[in-house]
Structures are given as C-alpha cells and as structure tokens.
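Trainee: Sharing entry29.cif below, mmCIF, C-alpha atoms and all ligand atoms:
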data_upload
#
loop_
_atom_site.label_atom_id
_atom_site.label_comp_id
_atom_site.auth_asym_id
_atom_site.auth_seq_id
_atom_site.Cartn_x
_atom_site.Cartn_y
_atom_site.Cartn_z
CA MET A 1 78.95 31.41 -2.44
CA LYS A 2 80.42 28.54 -0.44
CA ALA A 3 79.82 24.94 -1.53
CA ILE A 4 81.23 21.57 -0.57
CA ARG A 5 82.49 19.75 -3.67
CA ILE A 6 84.62 16.80 -4.72
CA HIS A 7 87.10 17.15 -7.57
CA ALA A 8 87.82 13.41 -7.64
CA PHE A 9 85.89 10.40 -6.35
CA GLY A 10 87.22 9.09 -3.03
CA GLY A 11 86.84 9.27 0.75
CA PRO A 12 85.67 12.15 2.96
CA GLU A 13 89.10 13.81 2.67
CA ASN A 14 88.09 14.66 -0.90
CA LEU A 15 85.34 17.04 0.24
CA HIS A 16 86.48 20.65 -0.20
CA LEU A 17 84.86 23.93 0.77
CA ASP A 18 84.96 25.88 -2.52
CA GLU A 19 83.95 29.43 -3.47
CA ILE A 20 81.73 29.23 -6.57
CA ASP A 21 79.19 31.34 -8.46
CA LYS A 22 75.62 31.53 -7.19
CA PRO A 23 73.28 29.63 -9.56
CA SER A 24 70.29 31.33 -11.22
CA PRO A 25 66.86 29.79 -11.66
CA GLY A 26 65.61 28.69 -15.09
CA PRO A 27 61.92 28.40 -16.11
CA GLY A 28 59.92 26.51 -13.48
CA GLU A 29 62.78 26.71 -10.98
CA VAL A 30 63.34 28.46 -7.66
CA LEU A 31 66.55 29.91 -6.19
CA ILE A 32 66.85 29.00 -2.51
CA ARG A 33 69.04 30.51 0.17
CA ASN A 34 69.92 27.34 1.98
CA ARG A 35 69.66 26.97 5.75
CA ALA A 36 70.38 23.27 6.24
CA ALA A 37 71.08 20.13 4.16
CA GLY A 38 70.32 16.54 5.15
CA VAL A 39 73.04 13.88 4.95
CA ASN A 40 72.21 10.41 3.62
CA PRO A 41 74.28 7.27 2.92
CA ILE A 42 73.83 7.92 -0.82
CA ASP A 43 75.91 11.12 -0.38
CA TRP A 44 79.15 9.41 0.71
CA LYS A 45 78.49 6.39 -1.51
CA THR A 46 78.26 8.71 -4.53
CA CYS A 47 81.33 10.74 -3.53
CA SER A 48 83.30 7.53 -3.25
CA GLY A 49 82.37 6.51 -6.81
CA GLY A 50 79.38 4.21 -6.04
CA GLY A 51 75.79 5.20 -5.24
CA ALA A 52 74.44 7.61 -7.85
CA SER A 53 77.86 8.40 -9.36
CA ALA A 54 76.81 6.96 -12.74
CA PHE A 55 74.34 9.88 -12.97
CA ILE A 56 76.97 12.55 -12.27
CA GLU A 57 77.84 14.09 -15.61
CA ALA A 58 81.04 15.88 -14.62
CA LEU A 59 83.29 16.75 -11.70
CA PRO A 60 83.47 18.81 -9.56
CA PHE A 61 80.32 17.49 -7.92
CA CYS A 62 78.43 19.12 -5.05
CA PRO A 63 76.62 16.42 -2.98
CA GLY A 64 73.28 16.55 -1.16
CA TRP A 65 69.71 16.02 -2.34
CA GLU A 66 67.60 17.47 0.47
CA PHE A 67 67.48 20.81 2.23
CA ALA A 68 65.44 23.53 3.95
CA GLY A 69 65.81 27.20 3.07
CA THR A 70 64.22 30.46 1.99
CA VAL A 71 62.98 31.29 -1.52
CA ASP A 72 65.32 33.99 -2.85
CA ALA A 73 64.18 34.34 -6.49
CA LEU A 74 61.67 32.76 -8.86
CA GLY A 75 62.28 31.50 -12.38
CA GLU A 76 59.85 32.19 -15.21
CA GLY A 77 56.40 30.66 -14.76
CA VAL A 78 56.64 29.81 -11.04
CA ASP A 79 53.45 30.76 -9.22
CA ARG A 80 53.49 28.11 -6.51
CA PHE A 81 55.87 30.10 -4.23
CA ARG A 82 56.79 33.69 -3.36
CA VAL A 83 60.12 35.27 -2.49
CA GLY A 84 60.62 34.88 1.27
CA ASP A 85 58.68 31.60 1.58
CA GLU A 86 60.28 29.02 3.85
CA VAL A 87 60.55 25.71 1.97
CA LEU A 88 61.98 22.23 2.17
CA GLY A 89 62.86 19.94 -0.68
CA PHE A 90 64.17 16.64 -1.99
CA THR A 91 65.34 17.42 -5.47
CA ARG A 92 66.78 16.22 -8.80
CA PHE A 93 67.71 12.78 -7.47
CA PRO A 94 69.69 10.89 -8.80
CA GLN A 95 71.13 13.78 -10.86
CA GLU A 96 73.27 16.40 -9.10
CA ALA A 97 71.25 18.75 -6.88
CA GLY A 98 74.04 20.58 -5.05
CA CYS A 99 72.41 20.92 -1.62
CA TYR A 100 75.73 21.20 0.31
CA ALA A 101 75.87 24.88 -0.69
CA GLU A 102 74.72 28.32 0.43
CA TYR A 103 72.35 28.62 -2.55
CA LEU A 104 70.76 26.04 -4.81
CA VAL A 105 68.25 25.95 -7.63
CA ALA A 106 65.42 23.39 -7.62
CA PRO A 107 62.29 22.69 -9.71
CA ALA A 108 59.30 24.28 -7.95
CA ASP A 109 57.25 21.08 -8.08
CA GLN A 110 59.85 19.30 -5.91
CA LEU A 111 59.44 21.72 -2.98
CA ALA A 112 57.00 22.07 -0.10
CA LEU A 113 56.20 24.99 2.16
CA ARG A 114 57.77 24.53 5.58
CA PRO A 115 55.12 24.81 8.29
CA ALA A 116 56.18 27.24 11.05
CA ALA A 117 56.01 24.44 13.64
CA LEU A 118 58.68 22.46 11.77
CA ASP A 119 62.17 23.81 12.43
CA PRO A 120 64.48 24.17 9.40
CA VAL A 121 67.12 21.70 10.64
CA SER A 122 64.59 18.88 11.07
CA ALA A 123 62.87 19.87 7.82
CA ALA A 124 66.18 19.53 5.94
CA GLY A 125 66.44 15.87 6.93
CA LEU A 126 62.90 14.93 6.01
CA GLY A 127 62.83 14.79 2.21
CA LEU A 128 64.94 11.90 0.97
CA ALA A 129 64.41 9.45 3.83
CA GLY A 130 60.77 10.47 4.31
CA LEU A 131 59.76 10.08 0.67
CA THR A 132 61.66 6.78 0.47
CA ALA A 133 59.63 5.51 3.42
CA TRP A 134 56.39 6.98 2.03
CA GLN A 135 56.81 5.52 -1.46
CA ALA A 136 57.99 2.12 -0.15
CA LEU A 137 55.09 1.78 2.32
CA PHE A 138 52.23 3.38 0.42
CA GLU A 139 53.02 3.28 -3.32
CA VAL A 140 54.92 0.02 -3.78
CA GLY A 141 53.88 -1.68 -0.54
CA GLN A 142 50.20 -0.58 -0.68
CA LEU A 143 50.14 -0.83 3.14
CA LYS A 144 46.73 -1.18 4.75
CA SER A 145 45.58 -0.67 8.31
CA GLY A 146 45.94 -3.84 10.39
CA GLN A 147 48.77 -5.30 8.33
CA SER A 148 52.05 -6.32 9.88
CA VAL A 149 55.25 -4.52 8.84
CA LEU A 150 58.83 -5.50 9.65
CA VAL A 151 61.34 -2.65 9.34
CA LEU A 152 64.99 -3.74 9.09
CA ALA A 153 67.28 -0.90 10.32
CA ALA A 154 64.35 0.79 12.07
CA ALA A 155 66.62 3.28 13.89
CA GLY A 156 68.11 4.72 10.69
CA GLY A 157 67.04 7.67 8.57
CA VAL A 158 64.50 5.80 6.47
CA GLY A 159 63.63 3.23 9.13
CA HIS A 160 62.65 5.63 11.91
CA LEU A 161 60.31 7.51 9.57
CA ALA A 162 58.94 4.24 8.08
CA VAL A 163 58.03 3.01 11.58
CA GLN A 164 56.10 6.20 12.36
CA LEU A 165 54.35 6.35 8.98
CA ALA A 166 53.33 2.69 9.22
CA LYS A 167 51.92 3.31 12.73
CA TRP A 168 50.07 6.38 11.43
CA LYS A 169 48.49 4.11 8.80
CA GLY A 170 47.36 1.68 11.53
CA ALA A 171 49.84 -1.14 10.95
CA TYR A 172 51.43 -3.47 13.52
CA VAL A 173 55.14 -2.60 13.37
CA ILE A 174 58.21 -4.62 14.33
CA GLY A 175 61.60 -2.92 14.10
CA THR A 176 65.15 -4.28 14.19
CA ALA A 177 68.13 -2.43 15.70
CA SER A 178 70.97 -3.01 18.16
CA ALA A 179 70.11 -3.43 21.86
CA GLY A 180 70.95 0.22 22.60
CA ASN A 181 68.18 1.41 20.30
CA LYS A 182 65.34 -0.64 21.86
CA CYS A 183 63.90 2.30 23.83
CA PHE A 184 64.27 4.56 20.79
CA LEU A 185 62.26 2.13 18.63
CA GLN A 186 59.59 1.92 21.34
CA SER A 187 59.42 5.72 21.48
CA LEU A 188 58.73 5.73 17.72
CA GLY A 189 55.76 3.44 18.29
CA CYS A 190 57.15 0.00 17.43
CA ASP A 191 54.81 -2.71 18.75
CA ASP A 192 57.73 -5.12 18.96
CA THR A 193 61.50 -4.76 18.65
CA LEU A 194 64.28 -7.21 17.78
CA ASP A 195 67.92 -6.82 18.78
CA TYR A 196 69.74 -8.00 15.65
CA GLY A 197 72.80 -8.95 17.73
CA ARG A 198 70.83 -11.51 19.70
CA GLN A 199 67.61 -12.33 17.86
CA GLN A 200 67.19 -13.60 14.32
CA ALA A 201 64.05 -12.14 12.74
CA GLU A 202 63.70 -15.22 10.49
CA SER A 203 63.38 -17.54 13.51
CA LEU A 204 60.79 -15.41 15.29
CA ILE A 205 58.49 -13.84 12.70
CA HIS A 206 56.56 -15.65 9.98
CA ASP A 207 53.56 -13.42 9.36
CA ALA A 208 54.89 -10.12 8.02
CA ASP A 209 52.78 -8.66 5.22
CA LEU A 210 55.48 -6.17 4.31
CA ILE A 211 59.20 -5.81 4.98
CA ILE A 212 61.01 -2.52 4.50
CA ASP A 213 64.64 -3.60 4.25
CA GLY A 214 67.23 -0.96 5.07
CA VAL A 215 70.06 -3.48 5.53
CA GLY A 216 70.24 -5.57 2.34
CA GLY A 217 72.47 -8.57 1.52
CA GLU A 218 72.34 -11.76 3.59
CA THR A 219 70.24 -10.12 6.33
CA ALA A 220 67.53 -9.31 3.80
CA ILE A 221 67.69 -12.75 2.17
CA LYS A 222 67.30 -14.49 5.54
CA ALA A 223 64.44 -12.14 6.46
CA LEU A 224 62.42 -13.44 3.48
CA ASP A 225 61.41 -16.25 5.89
CA CYS A 226 59.44 -13.64 7.86
CA LEU A 227 56.96 -13.01 5.02
CA THR A 228 53.55 -14.59 4.57
CA PRO A 229 53.26 -16.32 1.15
CA GLN A 230 51.45 -13.21 -0.19
CA GLY A 231 53.74 -10.75 1.57
CA GLN A 232 56.33 -8.54 -0.05
CA MET A 233 59.73 -7.06 0.68
CA ILE A 234 61.00 -3.72 -0.54
CA THR A 235 64.76 -3.69 -0.39
CA LEU A 236 66.41 -0.27 -0.25
CA PRO A 237 70.20 -0.71 -0.62
CA SER A 238 70.63 -0.76 -4.40
CA VAL A 239 74.01 -2.47 -4.27
CA THR A 240 72.46 -5.79 -3.11
CA ALA A 241 68.98 -5.34 -4.60
CA ALA A 242 69.52 -7.75 -7.53
CA GLU A 243 70.63 -10.63 -5.29
CA VAL A 244 67.80 -10.07 -2.79
CA ILE A 245 65.21 -9.89 -5.59
CA ALA A 246 66.62 -13.09 -7.16
CA ALA A 247 66.46 -14.90 -3.80
CA GLY A 248 62.84 -13.82 -3.38
CA GLU A 249 61.89 -14.85 -6.91
CA ALA A 250 63.48 -18.27 -6.42
CA ARG A 251 61.03 -18.79 -3.56
CA GLY A 252 58.02 -17.31 -5.33
CA LEU A 253 58.01 -14.20 -3.10
CA LYS A 254 57.41 -10.65 -4.20
CA VAL A 255 60.54 -8.54 -3.72
CA SER A 256 61.27 -5.21 -5.33
CA GLY A 257 63.84 -2.45 -5.24
CA ILE A 258 62.95 1.22 -5.27
CA ARG A 259 64.51 4.52 -6.24
CA ALA A 260 63.12 7.38 -4.18
CA ARG A 261 61.51 10.05 -6.38
CA PRO A 262 61.18 13.78 -5.62
CA ASP A 263 57.50 14.74 -5.22
CA GLY A 264 56.49 18.12 -3.80
CA ASP A 265 52.91 17.05 -3.03
CA GLN A 266 53.96 14.00 -1.02
CA LEU A 267 56.58 16.10 0.75
CA GLN A 268 53.91 18.66 1.70
CA GLU A 269 51.82 15.88 3.31
CA LEU A 270 54.89 14.64 5.16
CA ALA A 271 55.77 18.14 6.36
CA LYS A 272 52.19 18.51 7.64
CA LEU A 273 52.48 15.26 9.61
CA ALA A 274 55.83 16.41 11.02
CA SER A 275 54.47 19.80 12.02
CA CYS A 276 51.59 18.31 14.00
CA GLY A 277 53.78 15.75 15.77
CA LYS A 278 52.44 12.65 13.98
CA VAL A 279 55.95 12.08 12.61
CA MET A 280 59.12 13.20 14.40
CA LEU A 281 62.50 13.55 12.75
CA ASN A 282 65.16 12.40 15.19
CA LEU A 283 68.22 14.58 14.82
CA SER A 284 71.26 12.45 15.52
CA ASP A 285 73.56 15.45 15.10
CA SER A 286 73.81 18.76 13.27
CA LEU A 287 77.20 19.96 12.06
CA PRO A 288 78.26 23.12 10.22
CA LEU A 289 78.69 22.81 6.43
CA ASN A 290 82.48 22.88 6.70
CA GLU A 291 82.31 19.63 8.72
CA ALA A 292 80.74 17.70 5.84
CA ALA A 293 83.68 15.26 5.83
CA ARG A 294 82.98 14.40 9.48
CA ALA A 295 79.30 13.92 8.65
CA HIS A 296 80.22 11.49 5.86
CA GLN A 297 82.50 9.56 8.21
CA LEU A 298 79.69 9.27 10.77
CA SER A 299 77.14 8.19 8.17
CA ALA A 300 79.51 5.58 6.71
CA GLN A 301 79.91 3.97 10.16
CA GLY A 302 76.28 2.84 9.74
CA HIS A 303 74.91 3.70 13.19
CA VAL A 304 73.27 7.09 12.80
CA ARG A 305 70.08 7.26 14.88
CA GLY A 306 67.60 9.15 12.71
CA LYS A 307 69.29 11.82 10.61
CA LEU A 308 72.45 13.89 10.37
CA VAL A 309 72.06 17.46 9.09
CA LEU A 310 74.56 20.11 7.94
CA THR A 311 73.72 23.68 8.89
CA LEU A 312 74.55 26.89 7.03
N1 LIG A 401 66.74 2.97 -2.96
C1 LIG A 401 66.57 4.20 -2.47
O1 LIG A 401 65.96 5.09 -3.09
C2 LIG A 401 67.13 4.49 -1.10
C3 LIG A 401 66.71 5.65 -0.41
C4 LIG A 401 67.20 5.87 0.86
C5 LIG A 401 68.11 4.97 1.42
N2 LIG A 401 68.51 3.90 0.70
C6 LIG A 401 69.47 2.93 1.29
O2 LIG A 401 68.82 2.28 2.36
C7 LIG A 401 69.75 1.99 3.40
C8 LIG A 401 69.25 2.60 4.71
O3 LIG A 401 69.27 4.01 4.55
P1 LIG A 401 69.22 4.97 5.82
O4 LIG A 401 69.31 6.35 5.35
O5 LIG A 401 68.09 4.57 6.71
O6 LIG A 401 70.61 4.53 6.52
P2 LIG A 401 71.22 4.98 7.90
O7 LIG A 401 70.43 6.08 8.48
O8 LIG A 401 72.67 5.18 7.71
O9 LIG A 401 71.02 3.66 8.80
C9 LIG A 401 71.67 3.61 10.02
C10 LIG A 401 70.96 2.60 10.89
O10 LIG A 401 71.19 1.28 10.44
C11 LIG A 401 71.06 0.43 11.57
N3 LIG A 401 71.70 -0.85 11.32
C12 LIG A 401 72.98 -1.09 10.97
N4 LIG A 401 73.16 -2.42 10.78
C13 LIG A 401 71.96 -3.03 11.06
C14 LIG A 401 71.51 -4.38 11.05
N5 LIG A 401 72.30 -5.40 10.71
N6 LIG A 401 70.22 -4.61 11.36
C15 LIG A 401 69.39 -3.60 11.70
N7 LIG A 401 69.76 -2.30 11.74
C16 LIG A 401 71.04 -2.03 11.41
C17 LIG A 401 71.72 1.20 12.69
O11 LIG A 401 71.14 0.83 13.91
P3 LIG A 401 72.11 0.39 15.11
O12 LIG A 401 72.96 1.61 15.42
O13 LIG A 401 71.17 0.00 16.20
O14 LIG A 401 72.97 -0.72 14.58
C18 LIG A 401 71.43 2.67 12.32
O15 LIG A 401 70.45 3.26 13.11
C19 LIG A 401 71.10 2.53 2.91
O16 LIG A 401 71.81 1.48 2.30
C20 LIG A 401 70.70 3.57 1.89
O17 LIG A 401 71.70 3.83 0.93
C21 LIG A 401 68.05 3.64 -0.53
#
Spit out the file's structure as structure tokens when you get a sec.
Ligand SMILES: NC(=O)c1ccc[n+]([C@@H]2O[C@H](COP(=O)([O-])OP(=O)(O)OC[C@H]3O[C@@H](n4cnc5c(N)ncnc54)[C@H](OP(=O)(O)O)[C@@H]3O)[C@@H](O)[C@H]2O)c1
Mentor:
Amino acid sequence: MKAIRIHAFGGPENLHLDEIDKPSPGPGEVLIRNRAAGVNPIDWKTCSGGGASAFIEALPFCPGWEFAGTVDALGEGVDRFRVGDEVLGFTRFPQEAGCYAEYLVAPADQLALRPAALDPVSAAGLGLAGLTAWQALFEVGQLKSGQSVLVLAAAGGVGHLAVQLAKWKGAYVIGTASAGNKCFLQSLGCDDTLDYGRQQAESLIHDADLIIDGVGGETAIKALDCLTPQGQMITLPSVTAAEVIAAGEARGLKVSGIRARPDGDQLQELAKLASCGKVMLNLSDSLPLNEAARAHQLSAQGHVRGKLVLTL
C-alpha cells in the first residue's frame, strides 16, 4: 500500500510516498481502508522534530492522527463494528497512528460510525480538532450555558469547532481572527469578533469566563487580562504552555494545558452534531495524498480557515 513517511526529521521536502506492507489488526483493533486523512499543525511540527516527536519510537514515521474510511477487517474480540462500516477516527495520539496511508489499524474504541449525512472528507478532519475543542470546553473548562467564552484563533481547525460547540452549549462567544475572517466567524455563530491586527482583546474584554487559546505565547499572556477573577484559560500550543501557565499562576488565575485524547464515544456525539448541521467542518482545501508536503507547507503558514484534508 502507499503511505507518506519521513525517514529523517525535517521540512516538508522530507515527506516521501513509500510502498509498504498493509498492516493487520491485533486484538481489539480494526483494519480500515482509508478514504481521507485530516492535517493538523501537530503533523508538520512532529515531522520537523518538535510536536509529538518524543513519542515516535523509530523512523520511518507515517504522520496523521485522524481519518475517515471503511472497515476492512476486524481483530479478535471486536463486536462494535462490522466489515463495510463507514467510520471516522482520531487515534493513538501522541503515538504513531499512520493515517497518511491507504490502510491503517486503530483500536475499535477510538472510532465512531460515520453518519450518512456526513461526507468522508469532512469527517476525516473532525477528530483531532473536534475532540480538542470538546475536551477543552466541556471536560477541563466545564462550560455552562450563559457563560462568556473567548476563542483565540477562532478561524482555525480547533477554533472554528470550539466556537460552534460553545454556541451549541448556550455560551456567549467572542472570536479573534484577521479582518478577512470576520464574516466567517459570524457565520459560525460568534456573538462578537475581534480583528487581532487592529484590536487588542486585553483592552476590550474583561469578563470572559473561559478562554480557549489557540495562539499561545505573548498573545495568550496578554489575554489573561480578559478573564474574570474566577475565569480560566486553556492554552493549546504545548510549546508555550509552561510560560502561559506560569504567567497565569503569578496572577492567581487558573490556566491549564491540555493534550487531546482519542475517545470514540465523544467522537460519535460530535459526528452526530456534524451530521445534523449543529456543527459544520469548514474545509479549507482537500489535496491528494501525494501532495502531503504542500498541505504541511500550507498548515505551517498558520492561516488555514477550518481544516485541510488529504484524500485517497
Ligand atoms: N494540546 C493539544 O492537544 C492540541 C490539539 C490541537 C491543536 N493544538 C495546537 O493549538 C494551536 C491551534 O491549532 P489549530 O489546529 O486550530 O491551528 P490552525 O488551524 O493552523 O490555526 C490557523 C488559524 O490561526 C489563526 N491565527 C493565526 N495567528 C493568529 C493570531 N495572532 N490571533 C488569532 N488567530 C490567529 C488564523 O487566522 P487568520 O488567518 O485570520 O490569521 C488561522 O485561521 C496549534 O498550535 C496546535 O498545534 C494543540
């Protein structure tokens, strides 16, 4: 089968289309014929030697942690799915999952059935960003109806899903993006939008109960001024998480990092919301698998609107 792999850490030029053996499912696992794989910043960060690279046991490494495909074979003890089922998944993170490939093997409890109304390309982009948003808002953030949420990088993969999930929960949502994304944020349901090139969130907002920070660094530290004294920030970029948490602690504010966790049950709820239009995955672009290097270049530029997906 064909798979995109790196044989050394480095830039997008290191991504190669290799011919490798098809994997076979172990107990509790499912073999999937892949139809599409979502692209996330963690993919290129890991390939370049950062991100989740500390969890990669050996090279070559096949990137990608989310996908949509068809169940091709079942490992011992799997009764949750049948051969031929259409599924989506976010799997094995932060260990290697190998989703940039024609076939992959994933634990059955990290998959969800893909509703017919949810197309496979959109479904492939839902898992990682969607469960990050879900777990940040509802598990760590304990968001309640009527609360006020500020989403930094609201037009990105995580941000655009976080805005919609927070609205679904009944929150008041403010999103930050560049001026060109104002209408996009409004279409997602944002009650208010800030153009980060012109407006400083910290000068304008002082009553946020929750901040979902998709930017990190100085932007996140300044945005701590937006929180109420009891509010909390969840900062997503792991590379600056320690400094943002320390800045929050120094001011007596609750700030935490997060590592998104595969969860088939949560993913099933998310897929249901996506299939009935409560949550929409915005497809920034879909590219064939052999253009993975181009996808990594686009993601690394930091201005993807919604999600990028590779198709097979
Ligand atoms: N800890 C975890 O488990 C976890 C999980 C998922 C993601 N993450 C991390 O969280 C971050 C966001 O992830 P993502 O997938 O949403 O990224 P993404 O899709 O690549 O984000 C792109 C978006 O960022 C926006 N943006 C860029 N600079 C901005 C700024 N200064 N202020 C506001 N928006 C800005 C862009 O909007 P404009 O085009 O309008 O500038 C663009 O829409 C990444 O660092 C990622 O690695 C962590």
Trainee: Could you check how far atom C7 of ligand LIG 401 (chain A) sits from atom CA of Leu131 of chain A, in Å to one decimal?
Mentor: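 One can read the atom C7 of ligand LIG 401 (chain A) to atom CA of Leu131 of chain A distance as 13.1 Å.
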Trainee: Within 6 Å of ligand LIG 401 (chain A), which residues show up when you count all atoms listed in the file? List them as a VMD selection string, please.
Mentor: chain A and resid 40 to 42 129 132 152 to 153 155 to 159 176 to 178 181 196 214 to 215 236 to 238 258 to 260 299 302 to 306
Trainee: Which residue out of A:Met1, A:Leu204, A:Arg198, A:Leu210 has the minimum interatomic distance to Tyr172 of chain A when all atoms listed in the file are used?
Mentor: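 Among the listed residues, the smallest separation from Tyr172 of chain A belongs to A:Leu210.
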Trainee: Taking 5 positions as the minimum chain separation for residues in the same chain, which residues sit within 9 Å of Val87 of chain A when counting all atoms listed in the file? Answer as a PyMOL selection string.
Mentor: chain A and resi 32+67-71+81+111-115+120+123
Trainee: Please tell me which residues are no farther than 8 Å from (72.4, 14.9, 3.7) in the file, counting only C-alpha atoms, and write them as a VMD selection string.
Mentor: chain A and resid 37 to 41 43 64 to 67 100 125 308 to 310
Trainee: Have a look at A:Val105, A:Ala154, A:Ala201, A:Ile6 and name the one nearest to Glu29 of chain A; count all atoms listed in the file.
Mentor: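 Distance minimum relative to Glu29 of chain A lands on A:Val105.
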Trainee: For Leu298 of chain A, which residue out of A:Trp168, A:Gln230, A:Pro12, A:Asp265 is the nearest one, using all atoms listed in the file?
Mentor: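 Among the listed residues, A:Pro12 lies closest to Leu298 of chain A.
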